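Since the structure comes first, as structure tokens, the remarks are kept for the end.
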Amino acid sequence: MRYNLSSMSNKKQTLIGLGLSLLGLGVSYLILHADLQAGSTGELLVRLGKGLYYGMGALAIVFVILYFVPRAWGAWRRFAIWFVPLAALLFAFYPEPGGGDLFSPYPEQVFQWVSALYLLVSVIIITFASLRSRFQ
């Protein structure tokens, strides 16, 4: 059976997205609280866990907002389609810093900043789309 996302209601898509983001948040929690041995695999998993933790947390918040403001789904989706993959690539390939200053932040700081930027822009887009549809 093939699923067509355009035939699914916005609320159903939002609930699926919320469920997947909460699942990712749970996986990140397990990764970050596991007793991983130092080495390349352990460091890679911890980095993945931190990226998932901040990224999925922000995504879950946005899905909760979209559940209550479903008319903004289309406008937010156009933004998320390009932002989420770019953020994932940044999270995956961001190099380890040489120093701890603002010009070479640690990956965890970058994960926090990008997730906060995503959340801020998403809330702005949802707010304007909701207001625009209300006045039309």
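Scheme for the structure tokens: letters A, B, ... for chains in order shown; per-chain residue numbers from 1; ligand numbers from 1 in order shown.
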
What are the nearest atom pairs, with distances in Å to one decimal, for all residues of range 72-96 of chain A that come at most 12 Å from range 14-21 of chain A, using only C-alpha atoms, set out by chain and rising residue number as JSON lines?
```
{"residue": "A:Ala72", "atom": "CA", "partner": "A:Thr14", "partner_atom": "CA", "distance": 11.3}
{"residue": "A:Trp73", "atom": "CA", "partner": "A:Thr14", "partner_atom": "CA", "distance": 8.5}
{"residue": "A:Gly74", "atom": "CA", "partner": "A:Thr14", "partner_atom": "CA", "distance": 11.6}
{"residue": "A:Trp76", "atom": "CA", "partner": "A:Thr14", "partner_atom": "CA", "distance": 11.5}
{"residue": "A:Arg77", "atom": "CA", "partner": "A:Thr14", "partner_atom": "CA", "distance": 10.8}
```

Could you tell me which of A:Glu43, A:Phe83, A:Gly51, A:Met8 comes closest to Ser28 in chain A if we count only C-alpha atoms?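 Under the stated criterion, the closest residue is A:Gly51.
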
Quote the spacing between CA of Ser104 in chain A and CA of Leu90 in chain A in Å to one decimal place. 14.1 Å

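For range 22-26 of chain A, the set of protein, DNA and RNA residues having any atom at most 9 Å away, when counting only C-alpha atoms and skipping those fewer than 6 positions along the same chain, is Gly49, Leu52, Tyr53, Tyr54, Gly55, Met56, Gly57, Leu59 and Ala60 of chain A.
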
Output N, CA and C atoms for every residue in that selection, as a short mmCIF file (atom, residue, chain, number, x, y, z; two decimals), in the first residue's frame.
```cif
data_model
loop_
_atom_site.label_atom_id
_atom_site.label_comp_id
_atom_site.auth_asym_id
_atom_site.auth_seq_id
_atom_site.Cartn_x
_atom_site.Cartn_y
_atom_site.Cartn_z
N GLY A 49 24.27 11.59 19.04
CA GLY A 49 23.29 11.75 20.11
C GLY A 49 23.04 13.20 20.44
N LEU A 52 21.03 14.78 17.56
CA LEU A 52 19.64 14.33 17.65
C LEU A 52 18.91 14.99 18.82
N TYR A 53 19.58 15.10 19.94
CA TYR A 53 18.96 15.66 21.14
C TYR A 53 18.46 17.09 20.89
N TYR A 54 19.32 17.93 20.36
CA TYR A 54 18.92 19.32 20.14
C TYR A 54 18.01 19.46 18.93
N GLY A 55 18.32 18.75 17.84
CA GLY A 55 17.51 18.85 16.63
C GLY A 55 16.11 18.30 16.80
N MET A 56 16.00 17.12 17.38
CA MET A 56 14.69 16.50 17.56
C MET A 56 13.88 17.21 18.63
N GLY A 57 14.54 17.77 19.62
CA GLY A 57 13.82 18.56 20.62
C GLY A 57 13.14 19.77 20.00
N LEU A 59 12.41 20.13 16.82
CA LEU A 59 11.40 19.63 15.89
C LEU A 59 10.12 19.23 16.62
N ALA A 60 10.25 18.60 17.78
CA ALA A 60 9.07 18.21 18.56
C ALA A 60 8.28 19.43 19.01
#
```

Just the number, please: distance in Å from CA of Asn10 in chain A to CA of Tyr67 in chain A, one decimal. 8.1 Å

Can you measure CA of Pro107 in chain A to CA of Val121 in chain A for me? One decimal in Å is fine.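 CA of Val121 in chain A lies at a distance of 20.9 Å from CA of Pro107 in chain A.
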
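When only C-alpha atoms are used to measure the gap to Trp113 in chain A, the shortest distance among A:Phe135, A:Phe128, A:Phe63, A:Phe91 belongs to A:Phe91.
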
Determine which residues of range 18-127 of chain A receive a DSSP assignment of alpha helix (DSSP H), computed from the backbone, and state them as a ChimeraX atom specification. /A:18-32,40-68,73-93,107-127

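Considering only C-alpha atoms, the residue among A:Phe79, A:Phe93, A:Tyr29, A:Tyr106 positioned nearest to Leu119 in chain A is A:Phe79.
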